[in-house]
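Data file: model.txt. Format and content: compact mmCIF, C-alpha atoms.
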# COMPACT_ATOMS: atom_id res chain seq x y z
CA MET K 1 -5.02 28.82 -36.28
CA GLY K 2 -4.66 28.55 -32.54
CA GLU K 3 -2.18 26.46 -30.67
CA ASN K 4 -4.80 23.91 -29.84
CA VAL K 5 -5.77 23.11 -33.40
CA VAL K 6 -4.26 20.24 -35.28
CA GLN K 7 -4.59 19.76 -39.00
CA ILE K 8 -6.13 16.40 -39.55
CA ARG K 9 -5.01 15.84 -43.12
CA ASP K 10 -2.09 13.93 -41.70
CA ILE K 11 -3.93 12.45 -38.80
CA GLU K 12 -3.05 8.96 -39.92
CA HIS K 13 0.62 9.81 -39.65
CA PHE K 14 -0.08 11.79 -36.55
CA HIS K 15 -1.41 8.69 -34.92
CA TRP K 16 0.69 5.99 -36.35
CA GLN K 17 4.07 7.17 -37.42
CA LEU K 18 5.18 10.62 -36.39
CA SER K 19 6.21 11.95 -33.04
CA GLU K 20 2.74 13.00 -31.90
CA SER K 21 4.17 16.09 -30.34
CA GLU K 22 0.74 17.56 -29.72
CA CYS K 23 -2.62 16.28 -28.65
CA PRO K 24 -5.51 17.97 -30.37
CA ILE K 25 -7.96 19.82 -28.22
CA SER K 26 -9.84 20.74 -31.31
CA PHE K 27 -9.03 20.06 -34.88
CA SER K 28 -9.80 21.30 -38.34
CA SER K 29 -10.37 19.38 -41.48
CA ASN K 30 -9.05 20.05 -44.92
CA GLY K 31 -11.53 17.61 -46.31
CA GLY K 32 -9.69 14.45 -45.41
CA GLY K 33 -10.97 11.68 -43.20
CA ILE K 34 -9.56 10.65 -39.89
CA SER K 35 -8.47 7.27 -38.77
CA LEU K 36 -10.54 5.19 -36.41
CA ALA K 37 -7.84 5.48 -33.77
CA ALA K 38 -7.71 9.26 -34.16
CA ALA K 39 -11.48 9.61 -33.88
CA VAL K 40 -11.58 7.50 -30.75
CA GLU K 41 -8.67 9.27 -29.13
CA LEU K 42 -10.23 12.62 -29.90
CA ALA K 43 -13.38 11.41 -28.20
CA LEU K 44 -11.39 10.74 -25.07
CA ILE K 45 -9.73 14.12 -25.16
CA ALA K 46 -13.06 15.82 -25.74
CA ALA K 47 -14.70 13.87 -22.94
CA HIS K 48 -11.88 14.69 -20.57
CA ARG K 49 -11.71 18.36 -21.35
CA ARG K 50 -15.36 19.14 -21.78
CA ASP K 51 -16.52 22.01 -19.64
CA ASN K 52 -20.13 21.90 -20.64
CA PRO K 53 -21.67 18.46 -20.02
CA SER K 54 -24.67 19.25 -22.20
CA GLU K 55 -22.37 19.93 -25.13
CA PRO K 56 -19.58 17.46 -24.61
CA HIS K 57 -17.96 17.90 -27.97
CA ALA K 58 -18.30 21.64 -28.27
CA LYS K 59 -14.60 22.09 -28.70
CA ILE K 60 -14.46 19.80 -31.68
CA ARG K 61 -15.39 21.94 -34.60
CA VAL K 62 -15.33 19.62 -37.55
CA ALA K 63 -16.99 16.25 -37.94
CA ARG K 64 -16.93 15.37 -41.57
CA ASN K 65 -15.79 11.85 -41.20
CA SER K 66 -18.34 9.13 -40.67
CA ILE K 67 -16.32 7.55 -37.89
CA TRP K 68 -16.08 10.74 -35.97
CA ALA K 69 -19.77 11.36 -36.59
CA LEU K 70 -20.53 7.94 -35.11
CA VAL K 71 -18.29 8.59 -32.14
CA LYS K 72 -20.05 11.91 -31.56
CA GLU K 73 -23.45 10.38 -31.98
CA SER K 74 -22.62 7.73 -29.40
CA ARG K 75 -22.50 10.55 -26.83
CA TRP K 76 -19.86 8.61 -24.99
CA PRO K 77 -19.25 8.77 -22.06
CA LEU K 78 -22.63 10.22 -21.16
CA ARG K 79 -24.43 6.93 -21.64
CA SER K 80 -23.51 3.33 -21.23
CA GLY K 81 -24.55 0.19 -23.07
CA CYS K 82 -27.10 -0.18 -25.79
CA ALA K 83 -25.33 2.41 -27.94
CA ASN K 84 -24.61 0.47 -31.07
CA LEU K 85 -24.05 2.74 -34.02
CA ARG K 86 -23.20 1.44 -37.43
CA ASP K 87 -22.43 3.22 -40.66
CA GLY K 88 -21.23 0.99 -43.43
CA ASP K 89 -18.17 -0.80 -42.21
CA SER K 90 -17.80 1.29 -39.05
CA THR K 91 -19.30 0.38 -35.70
CA VAL K 92 -19.12 2.27 -32.45
CA LEU K 93 -20.23 0.70 -29.19
CA VAL K 94 -20.49 2.45 -25.87
CA LEU K 95 -19.64 -0.36 -23.52
CA PRO K 96 -21.97 -1.53 -20.80
CA THR K 97 -20.70 -1.19 -17.28
CA ALA K 98 -20.06 -4.91 -16.79
CA ALA K 99 -19.14 -7.97 -18.83
CA ASP K 100 -22.26 -9.90 -17.92
CA ASP K 101 -24.62 -8.08 -20.23
CA PRO K 102 -26.69 -9.93 -22.86
CA TRP K 103 -26.53 -6.92 -25.16
CA TRP K 104 -22.72 -7.09 -25.09
CA THR K 105 -22.75 -10.86 -25.74
CA GLN K 106 -24.88 -10.23 -28.82
CA ARG K 107 -22.53 -7.53 -30.10
CA ILE K 108 -19.58 -9.87 -29.73
CA SER K 109 -21.34 -12.58 -31.70
CA THR K 110 -21.98 -10.01 -34.42
CA LEU K 111 -18.31 -9.04 -34.49
CA LEU K 112 -17.31 -12.69 -34.83
CA ALA K 113 -19.82 -13.24 -37.62
CA ASP K 114 -18.70 -10.06 -39.42
CA LEU K 115 -15.06 -11.14 -39.34
CA THR K 116 -15.89 -14.55 -40.74
CA ALA K 117 -18.09 -13.01 -43.42
CA ASN K 118 -15.22 -10.73 -44.43
CA GLY K 119 -12.75 -13.44 -45.24
CA PHE K 120 -11.07 -14.12 -41.91
CA PRO K 121 -10.54 -17.86 -41.35
CA SER K 122 -12.63 -19.02 -38.42
CA HIS K 123 -9.71 -19.56 -36.02
CA LEU K 124 -8.38 -16.04 -36.71
CA ALA K 125 -11.86 -14.54 -36.43
CA ARG K 126 -12.17 -16.19 -33.04
CA SER K 127 -8.68 -15.11 -31.93
CA LEU K 128 -9.32 -11.51 -32.93
CA THR K 129 -12.74 -11.45 -31.29
CA GLY K 130 -11.17 -12.89 -28.15
CA ALA K 131 -8.48 -10.21 -28.27
CA VAL K 132 -11.08 -7.45 -28.58
CA ILE K 133 -12.94 -8.86 -25.56
CA GLU K 134 -9.67 -9.03 -23.61
CA MET K 135 -9.00 -5.34 -24.28
CA VAL K 136 -12.55 -4.44 -23.31
CA ASP K 137 -12.28 -6.56 -20.18
CA ASN K 138 -9.24 -4.52 -19.17
CA VAL K 139 -11.51 -1.46 -19.13
CA TRP K 140 -13.91 -3.19 -16.74
CA LEU K 141 -11.21 -4.65 -14.57
CA HIS K 142 -8.70 -1.87 -14.33
CA SER K 143 -9.92 1.52 -15.51
CA GLU K 144 -11.89 2.53 -12.39
CA ALA K 145 -13.56 5.00 -14.71
CA PRO K 146 -16.86 6.56 -13.72
CA HIS K 147 -17.89 6.30 -17.36
CA PRO K 148 -17.91 3.19 -19.51
CA GLY K 149 -15.39 2.62 -22.23
CA LEU K 150 -15.80 2.81 -25.95
CA LEU K 151 -15.18 0.17 -28.59
CA ALA K 152 -15.03 1.17 -32.22
CA TYR K 153 -14.21 -1.08 -35.11
CA GLN K 154 -14.15 -1.21 -38.87
CA ILE K 155 -14.23 -4.43 -40.83
CA ARG K 156 -13.39 -4.48 -44.48
CA ARG K 157 -12.62 -7.44 -46.71
CA ARG K 158 -9.74 -9.26 -44.94
CA LYS K 159 -9.02 -6.18 -42.78
CA LEU K 160 -9.90 -5.14 -39.24
CA ALA K 161 -9.25 -1.99 -37.24
CA PHE K 162 -10.43 -1.58 -33.69
CA SER K 163 -9.97 0.81 -30.82
CA VAL K 164 -10.79 0.36 -27.16
CA ILE K 165 -10.60 3.36 -24.90
CA ASP K 166 -11.43 4.40 -21.36
CA ALA K 167 -11.13 7.55 -19.33
CA GLY K 168 -9.90 5.82 -16.22
CA VAL K 169 -6.84 5.98 -14.02
CA GLY K 170 -4.40 4.85 -16.71
CA MET K 171 -1.87 2.04 -16.72
CA LEU K 172 0.64 3.56 -14.32
CA ALA K 173 -1.83 4.17 -11.49
CA SER K 174 -3.46 0.80 -12.07
CA LEU K 175 -0.28 -1.28 -12.05
CA LYS K 176 1.08 0.53 -9.00
CA LYS K 177 -1.76 -1.03 -7.01
CA ASN K 178 0.23 -4.25 -7.24
CA SER K 179 2.80 -4.02 -4.46
CA SER K 180 5.47 -5.66 -6.61
CA LEU K 181 5.05 -2.92 -9.23
CA ARG K 182 5.15 0.13 -6.97
CA TYR K 183 8.58 0.99 -8.33
CA LEU K 184 7.06 2.03 -11.67
CA SER K 185 7.49 5.74 -12.10
CA SER K 186 6.28 6.60 -15.59
CA SER K 187 3.60 5.63 -18.06
CA MET K 188 6.34 4.55 -20.42
CA GLU K 189 7.59 2.00 -17.89
CA ALA K 190 4.02 0.98 -17.09
CA ILE K 191 3.09 0.26 -20.72
CA GLY K 192 6.30 -1.68 -21.25
CA LYS K 193 5.50 -3.77 -18.20
CA ALA K 194 1.78 -4.16 -18.89
CA VAL K 195 2.33 -5.95 -22.18
CA GLU K 196 4.42 -8.66 -20.51
CA PRO K 197 2.61 -11.92 -19.74
CA GLY K 198 1.28 -12.19 -16.22
CA VAL K 199 1.62 -8.52 -15.34
CA SER K 200 -1.48 -7.05 -13.76
CA ARG K 201 -2.62 -4.95 -10.86
CA PHE K 202 -3.90 -8.22 -9.42
CA GLU K 203 -1.34 -10.04 -7.31
CA ASN K 204 -3.09 -13.39 -7.69
CA GLY K 205 -2.83 -13.83 -11.43
CA GLY K 206 -4.10 -12.27 -14.60
CA GLY K 207 -2.22 -10.24 -17.14
CA MET K 208 -2.85 -12.52 -20.11
CA GLY K 209 -4.88 -10.03 -22.17
CA PHE K 210 -2.01 -8.49 -24.12
CA PRO K 211 -0.38 -11.88 -24.78
CA SER K 212 -3.71 -12.99 -26.26
CA LEU K 213 -3.81 -9.86 -28.40
CA PHE K 214 -0.26 -10.36 -29.66
CA HIS K 215 -0.92 -14.02 -30.31
CA ALA K 216 -3.99 -13.11 -32.39
CA LEU K 217 -1.95 -10.62 -34.40
CA ALA K 218 1.09 -12.85 -34.83
CA SER K 219 0.18 -14.13 -38.27
CA LEU K 220 -1.35 -10.87 -39.52
CA TRP K 221 0.02 -7.69 -41.03
CA GLY K 222 -0.62 -4.48 -39.18
CA THR K 223 0.06 -2.25 -36.26
CA ALA K 224 -0.91 -2.06 -32.62
CA ARG K 225 -0.66 1.04 -30.51
CA ILE K 226 -1.01 1.18 -26.73
CA ARG K 227 -1.38 4.66 -25.30
CA SER K 228 -1.65 5.80 -21.70
CA GLY K 229 -0.48 8.82 -19.78
CA GLU K 230 2.42 10.49 -21.51
CA ALA K 231 3.51 7.45 -23.47
CA ALA K 232 2.66 5.23 -26.39
CA LEU K 233 4.07 1.92 -27.50
CA MET K 234 3.71 1.12 -31.18
CA LEU K 235 4.21 -2.32 -32.60
CA ASP K 236 4.59 -2.38 -36.34
CA HIS K 237 4.31 -5.45 -38.51
CA THR K 238 3.72 -3.78 -41.84
CA GLY K 239 7.18 -4.62 -43.12
CA GLU K 240 9.35 -7.67 -43.26
CA GLU K 241 10.71 -7.05 -39.79
CA ARG K 242 8.56 -6.43 -36.76
CA SER K 243 9.45 -3.23 -34.99
CA LYS K 244 8.62 -1.68 -31.66
CA GLU K 245 8.78 2.01 -30.90
CA SER K 246 8.02 4.04 -27.81
CA VAL K 247 7.18 7.73 -27.91
CA TYR K 248 6.58 10.36 -25.26
CA LEU K 249 3.40 12.39 -25.72
CA PRO K 250 1.29 14.93 -23.91
CA PRO K 251 -0.64 13.30 -21.05
CA LEU K 252 -3.79 11.42 -21.97
CA PRO K 253 -6.19 10.12 -19.35
CA GLY K 254 -7.06 6.45 -19.35
CA VAL K 255 -5.87 3.89 -21.84
CA HIS K 256 -6.31 3.63 -25.59
CA VAL K 257 -5.48 0.42 -27.44
CA SER K 258 -5.81 0.57 -31.20
CA VAL K 259 -5.10 -2.13 -33.73
CA ARG K 260 -5.14 -2.31 -37.49
CA CYS K 261 -4.56 -5.65 -39.08
CA ALA K 262 -5.00 -7.42 -42.38
CA LEU K 263 -4.60 -10.87 -43.82
CA ASP K 264 -2.65 -9.48 -46.77
CA PRO K 265 0.58 -7.49 -46.73
CA PRO K 266 0.35 -3.72 -47.30
CA SER K 267 0.53 -2.58 -50.91
CA HIS K 268 4.01 -1.05 -50.51
CA PHE K 269 5.27 -4.42 -49.36
CA ARG K 270 3.73 -6.31 -52.25
CA GLN K 271 5.38 -4.11 -54.89
CA MET M 1 -14.28 -40.76 -14.98
CA THR M 2 -16.84 -37.98 -15.25
CA ARG M 3 -17.39 -35.77 -18.28
CA ILE M 4 -18.45 -32.19 -17.67
CA ALA M 5 -19.76 -30.17 -20.62
CA VAL M 6 -18.38 -26.65 -20.25
CA ARG M 7 -21.11 -25.30 -22.55
CA ALA M 8 -23.75 -26.61 -20.14
CA VAL M 9 -21.94 -25.33 -17.04
CA THR M 10 -21.42 -21.82 -18.37
CA GLY M 11 -24.43 -21.51 -20.66
CA ARG M 12 -22.31 -19.63 -23.18
CA GLU M 13 -20.17 -20.28 -26.21
CA ILE M 14 -17.89 -17.25 -25.91
CA LEU M 15 -15.78 -17.28 -22.76
CA ALA M 16 -13.28 -14.49 -22.76
CA GLY M 17 -11.51 -12.36 -20.22
CA LYS M 18 -10.84 -12.61 -16.54
CA SER M 19 -14.26 -11.13 -15.72
CA ASP M 20 -16.05 -14.04 -17.42
CA GLY M 21 -13.63 -16.41 -15.72
CA MET M 22 -14.28 -15.00 -12.25
CA ARG M 23 -18.03 -15.20 -12.93
CA ASP M 24 -17.81 -18.86 -14.02
CA PHE M 25 -15.22 -20.25 -11.61
CA PRO M 26 -17.77 -20.96 -8.83
CA LYS M 27 -19.90 -22.86 -11.38
CA PHE M 28 -16.91 -24.97 -12.41
CA LEU M 29 -15.92 -25.66 -8.82
CA ASP M 30 -19.45 -26.53 -7.79
CA THR M 31 -19.83 -28.96 -10.69
CA VAL M 32 -16.43 -30.57 -10.11
CA GLU M 33 -17.11 -30.96 -6.40
CA GLN M 34 -20.18 -33.03 -7.24
CA THR M 35 -17.89 -35.73 -8.66
CA PRO M 36 -16.38 -38.32 -6.29
CA PRO M 37 -13.02 -37.48 -4.66
CA GLY M 38 -10.11 -38.91 -6.65
CA ASP M 39 -12.17 -38.94 -9.85
CA THR M 40 -10.82 -38.03 -13.28
CA VAL M 41 -12.84 -35.11 -14.56
CA VAL M 42 -13.02 -34.65 -18.32
CA LEU M 43 -13.76 -31.02 -19.13
CA ASP M 44 -15.43 -31.08 -22.54
CA TRP M 45 -15.15 -27.79 -24.43
CA ASP M 46 -17.35 -28.89 -27.30
CA GLY M 47 -19.50 -25.98 -28.50
CA ILE M 48 -17.21 -23.33 -27.04
CA GLU M 49 -16.30 -20.91 -29.82
CA ILE M 50 -13.86 -18.74 -27.92
CA ALA M 51 -12.05 -19.20 -24.64
CA THR M 52 -9.12 -16.88 -23.99
CA ALA M 53 -5.97 -17.26 -21.90
CA SER M 54 -7.34 -14.99 -19.18
CA TYR M 55 -10.51 -17.05 -18.99
CA PHE M 56 -8.56 -20.27 -18.67
CA GLY M 57 -6.37 -18.58 -16.08
CA ALA M 58 -9.37 -17.76 -13.90
CA THR M 59 -11.07 -21.14 -14.29
CA LEU M 60 -9.16 -24.24 -15.41
CA VAL M 61 -5.79 -23.02 -14.10
CA ALA M 62 -7.38 -22.18 -10.76
CA LEU M 63 -8.79 -25.73 -10.57
CA LEU M 64 -5.42 -27.23 -11.51
CA ARG M 65 -3.70 -25.17 -8.83
CA MET M 66 -6.23 -26.28 -6.23
CA ALA M 67 -5.64 -29.91 -7.22
CA MET M 68 -1.86 -29.48 -7.11
CA ALA M 69 -2.10 -27.84 -3.70
CA GLY M 70 -4.11 -30.76 -2.36
CA GLU M 71 -7.26 -28.69 -1.92
CA LEU M 72 -9.23 -30.54 -4.60
CA ASP M 73 -8.69 -34.26 -5.01
CA ARG M 74 -9.47 -34.54 -8.72
CA TYR M 75 -7.54 -35.18 -11.92
CA PHE M 76 -8.31 -33.21 -15.05
CA ILE M 77 -8.33 -33.98 -18.75
CA VAL M 78 -9.54 -31.49 -21.35
CA THR M 79 -11.16 -32.42 -24.64
CA ASN M 80 -12.82 -30.97 -27.75
CA LEU M 81 -10.99 -27.64 -27.74
CA ASN M 82 -11.00 -25.88 -31.10
CA LYS M 83 -7.71 -24.47 -32.43
CA THR M 84 -8.29 -21.01 -30.97
CA CYS M 85 -9.09 -22.34 -27.52
CA LEU M 86 -6.17 -24.74 -27.68
CA ASP M 87 -3.71 -21.96 -28.57
CA GLU M 88 -5.03 -19.76 -25.77
CA LEU M 89 -4.81 -22.57 -23.23
CA LYS M 90 -1.24 -23.34 -24.29
CA LEU M 91 -0.38 -19.65 -23.93
CA VAL M 92 -1.36 -19.52 -20.28
CA LEU M 93 -0.06 -22.98 -19.36
CA GLU M 94 3.35 -22.34 -20.90
CA PHE M 95 3.63 -18.97 -19.20
CA LEU M 96 2.74 -20.43 -15.81
CA GLY M 97 4.77 -23.62 -16.26
CA LEU M 98 1.68 -25.78 -15.76
CA VAL M 99 0.46 -28.83 -17.64
CA VAL M 100 -2.81 -30.60 -18.28
CA LEU M 101 -3.75 -33.66 -20.28
CA LEU M 102 -5.61 -33.33 -23.57
CA GLY M 103 -7.45 -36.28 -25.09
CA ASP M 104 -10.16 -37.36 -27.51
CA TRP M 105 -13.48 -38.19 -25.88
CA LYS M 106 -15.08 -41.12 -27.65
CA GLY M 107 -17.62 -43.67 -26.43
CA GLY M 108 -17.28 -42.67 -22.83
CA HIS M 109 -13.50 -43.03 -22.88
CA ILE M 110 -10.51 -40.80 -23.37
CA ARG M 111 -8.00 -41.76 -26.07
CA ASN M 112 -4.89 -40.28 -27.65
CA VAL M 113 -3.77 -38.49 -24.52
CA LEU M 114 -1.23 -35.68 -24.93
CA VAL M 115 0.33 -33.23 -22.53
CA LEU M 116 -0.51 -29.55 -22.98
CA GLY M 117 2.06 -27.16 -21.59
CA THR M 118 5.77 -27.65 -21.18
CA LEU M 119 6.94 -30.90 -19.67
CA GLU M 120 10.62 -31.80 -19.72
CA SER M 121 11.55 -34.86 -21.74
CA PRO M 122 12.40 -37.18 -18.79
CA TYR M 123 8.91 -36.60 -17.46
CA VAL M 124 7.37 -37.17 -20.87
CA THR M 125 9.24 -40.48 -21.09
CA THR M 126 8.06 -41.47 -17.63
CA LEU M 127 4.47 -40.48 -18.35
CA GLU M 128 4.51 -42.46 -21.60
CA ALA M 129 5.87 -45.48 -19.74
CA VAL M 130 3.05 -45.32 -17.18
CA GLN M 131 0.47 -44.84 -19.93
CA LYS M 132 1.84 -47.85 -21.78
CA LEU M 133 1.75 -50.04 -18.68
CA VAL M 134 -1.49 -48.43 -17.38
CA CYS M 135 -0.17 -49.02 -13.85
CA ALA M 136 3.45 -49.13 -12.69
CA SER M 137 5.65 -48.74 -9.64
CA ALA M 138 9.10 -47.18 -9.54
CA THR M 139 10.55 -50.66 -9.05
CA GLU M 140 8.85 -51.95 -12.20
CA LEU M 141 10.00 -49.00 -14.27
CA HIS M 142 13.51 -49.34 -12.90
CA GLN M 143 13.65 -53.04 -13.71
CA GLY M 144 12.02 -52.57 -17.10
CA LYS M 145 14.48 -49.81 -18.18
CA HIS M 146 11.66 -47.95 -19.88
CA GLY M 147 12.44 -45.34 -22.50
CA GLY M 148 16.04 -46.55 -22.60
CA ALA M 149 16.72 -44.44 -19.53
CA VAL M 150 19.49 -45.60 -17.22
CA ILE M 151 18.46 -44.12 -13.92
CA GLY M 152 18.21 -45.46 -10.42
CA LYS M 153 15.03 -46.37 -8.62
CA THR M 154 15.15 -43.11 -6.67
CA GLY M 155 15.19 -41.26 -9.98
CA TRP M 156 12.01 -43.06 -11.06
CA ILE M 157 10.40 -42.34 -7.69
CA ASN M 158 11.18 -38.64 -8.07
CA ARG M 159 9.83 -38.51 -11.59
CA LEU M 160 6.65 -40.38 -10.73
CA SER M 161 6.07 -38.27 -7.63
CA ASN M 162 6.45 -35.11 -9.62
CA LEU M 163 4.04 -36.32 -12.31
CA HIS M 164 1.58 -37.08 -9.54
CA ARG M 165 2.12 -33.62 -8.06
CA LEU M 166 1.24 -32.23 -11.50
CA ARG M 167 -1.89 -34.43 -11.40
CA LEU M 168 -0.91 -36.25 -14.58
CA ILE M 169 -0.98 -39.70 -12.97
CA ARG M 170 -2.73 -41.00 -9.91
CA LYS M 171 -0.97 -42.59 -6.95
CA GLU M 172 -2.12 -45.55 -4.88
CA ARG M 173 -0.37 -47.18 -1.94
CA VAL M 174 -0.04 -50.95 -2.41
CA GLY M 175 1.77 -52.67 0.42
CA ARG M 176 5.11 -50.99 0.97
CA GLU M 177 5.26 -49.06 -2.26
CA TYR M 178 3.24 -46.79 -4.45
CA LYS M 179 1.62 -47.75 -7.72
CA PHE M 180 1.09 -45.04 -10.28
CA HIS M 181 -1.88 -45.20 -12.69
CA ALA M 182 -2.51 -43.50 -16.01
CA LEU M 183 -5.59 -41.30 -15.99
CA SER M 184 -7.18 -42.53 -19.20
Target format structure tokens, applied to this file:
Amino acid sequence: MGENVVQIRDIEHFHWQLSESECPISFSSNGGGISLAAAVELALIAAHRRDNPSEPHAKIRVARNSIWALVKESRWPLRSGCANLRDGDSTVLVLPTAADDPWWTQRISTLLADLTANGFPSHLARSLTGAVIEMVDNVWLHSEAPHPGLLAYQIRRRKLAFSVIDAGVGMLASLKKNSSLRYLSSSMEAIGKAVEPGVSRFENGGGMGFPSLFHALASLWGTARIRSGEAALMLDHTGEERSKESVYLPPLPGVHVSVRCALDPPSHFRQ
Amino acid sequence: MTRIAVRAVTGREILAGKSDGMRDFPKFLDTVEQTPPGDTVVLDWDGIEIATASYFGATLVALLRMAMAGELDRYFIVTNLNKTCLDELKLVLEFLGLVVLLGDWKGGHIRNVLVLGTLESPYVTTLEAVQKLVCASATELHQGKHGGAVIGKTGWINRLSNLHRLRLIRKERVGREYKFHALS
């Protein structure tokens, strides 16, 4: 197996717990599935590294998982908007290029309805939907990407996972546009700063997206991961104590925010 | 007092993100500017499913800042926010150190007025005193020893002036002194 191949049997750990010492350029499957976050991040890597636009995912050899199949089928980032692919509890949306799109408004209403139908109390369903929109809005406001972003989500009974990704300039380059943040010198610093309230590339306000996300997640169990450049910040609320961990990783273009949350504690915690 | 239905102004029930806020701010401003100067504007969020902190930051907070800066002579009260919207509004107000009044809209009047955001207790006491009296001057509050506070007249003047700066009470010159009025 070449240097650029990552076994995906542990992709969940790869993305959520371990050191993430490598980014997969291609990957092989031993029959296991991949997480939503992994599928979406692979899509970004594939999009960034593709050398044949007509075959954007040529370097990805295995697509057994339905999520990955949906991500592939979306042909992101080659098209924008109106790509709404669903398979069971998984949905992949290629974002339109701007917020003011009736198609997008409809998709958001569907997400809200799906959350409510899957056991989320209405105020939490609204908070989570708002948080998803905030993360997507960051793509429109800050990514400067030539291609639209991607939103993928899975809703199961009392559980939600979602990923928002773009292939833009990344958090460091974006925040440095604010003259008061020019001192930032690494993606690690940039992510740490970006999650603070009121921090934005805009000098006249903004920066309330991540506070909204954290507020929505405050009463839920789960994890959030914010990835940009050579860094990732992971917030873990799957145990009694909340924890925060930063890791250095190989460079990744753009920004990837992934969240998994549930109304009920994880099984290991309940035992 | 003029009630403005946010649902009618925006034409939407989901208002989230700075982009939506920047799109809608001119609509808010245009509608508010159609009310008389000095008016109390009740922003009614009935029918709004989601409004996020960023959205409020680009719309309501921008209006509040204009009013505080003297660029927009209006007073604002918000009403009919669901729990999600209320939490998001509190998030941005507390971060920015701003306040706005929240009340129940019933029969063309606002009742049960509360302060949203962080307001220090001396100001809360002063605001409650003005609301109780409906209209009061610093002299009256000083003589009435409201809220059990033992402070001088200058202290009352400072508190009332600051509440007016925050657009929580209105100010009117009567003879040689100012009278301060509750908004509701």
Contacts of Glu33 (chain M) at 9 Å (only C-alpha atoms; same-chain gap of 5+ positions) as a ChimeraX atom specification: /M:28,72,74
Exercise: Asp46 (chain M) partners within 10 Å, all atoms listed in the file, chain neighbours under 4 positions left out, as a list in words: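 After dropping sequence-adjacent residues, the list is Ala5, Val6, Arg7, Ala8, Glu13, Thr79, Asn80, Leu81 and Asn82 of chain M.
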Distance-based interface of chain M with chain K, 12 Å, counting all atoms listed in the file, as a ChimeraX atom specification: /M:10-24,48-59,61-62,65,81-97
Contact residues around Tyr123 (chain M) with all atoms listed in the file at 12 Å, ignoring same-chain residues under 6 positions, as a list in words: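 Contacts, in chain order: Val99, Val115, Ala129, Val130, His146, Gly147, Ala149, Gly155, Trp156, Ile157, Asn158, Arg159, Leu160, Ser161, Asn162, Leu163, His164, Arg165, Leu166, Leu168 and Ile169 of chain M.
Here CA of Leu93 (chain K) stands at a distance of 7.4 Å from CA of Ser74 (chain K).
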d(CA of Asp236 (chain K), CA of Lys159 (chain K)) in Å: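 Answer for the CA of Asp236 (chain K) to CA of Lys159 (chain K) separation: 15.5 Å.
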Nearest to Glu172 (chain M) by atom-to-atom distance, counting all atoms listed in the file, from M:Thr35, M:Ala136, M:Glu71, M:Gln131: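 Checking each of M:Thr35, M:Ala136, M:Glu71, M:Gln131 against Glu172 (chain M), counting all atoms listed in the file, the winner is M:Ala136.
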Computed interatomic separation between CA of Val134 (chain M) and CA of Gln34 (chain M) (Å): 26.3 Å
10 Å contact set for region 247-257 of chain K, all atoms listed in the file, chain neighbours under 5 positions out, as a PyMOL selection string: chain K and resi 18-24+37+40-41+44-45+47-48+132+135-136+138-139+142-145+149-151+162-174+187-188+191+224-234
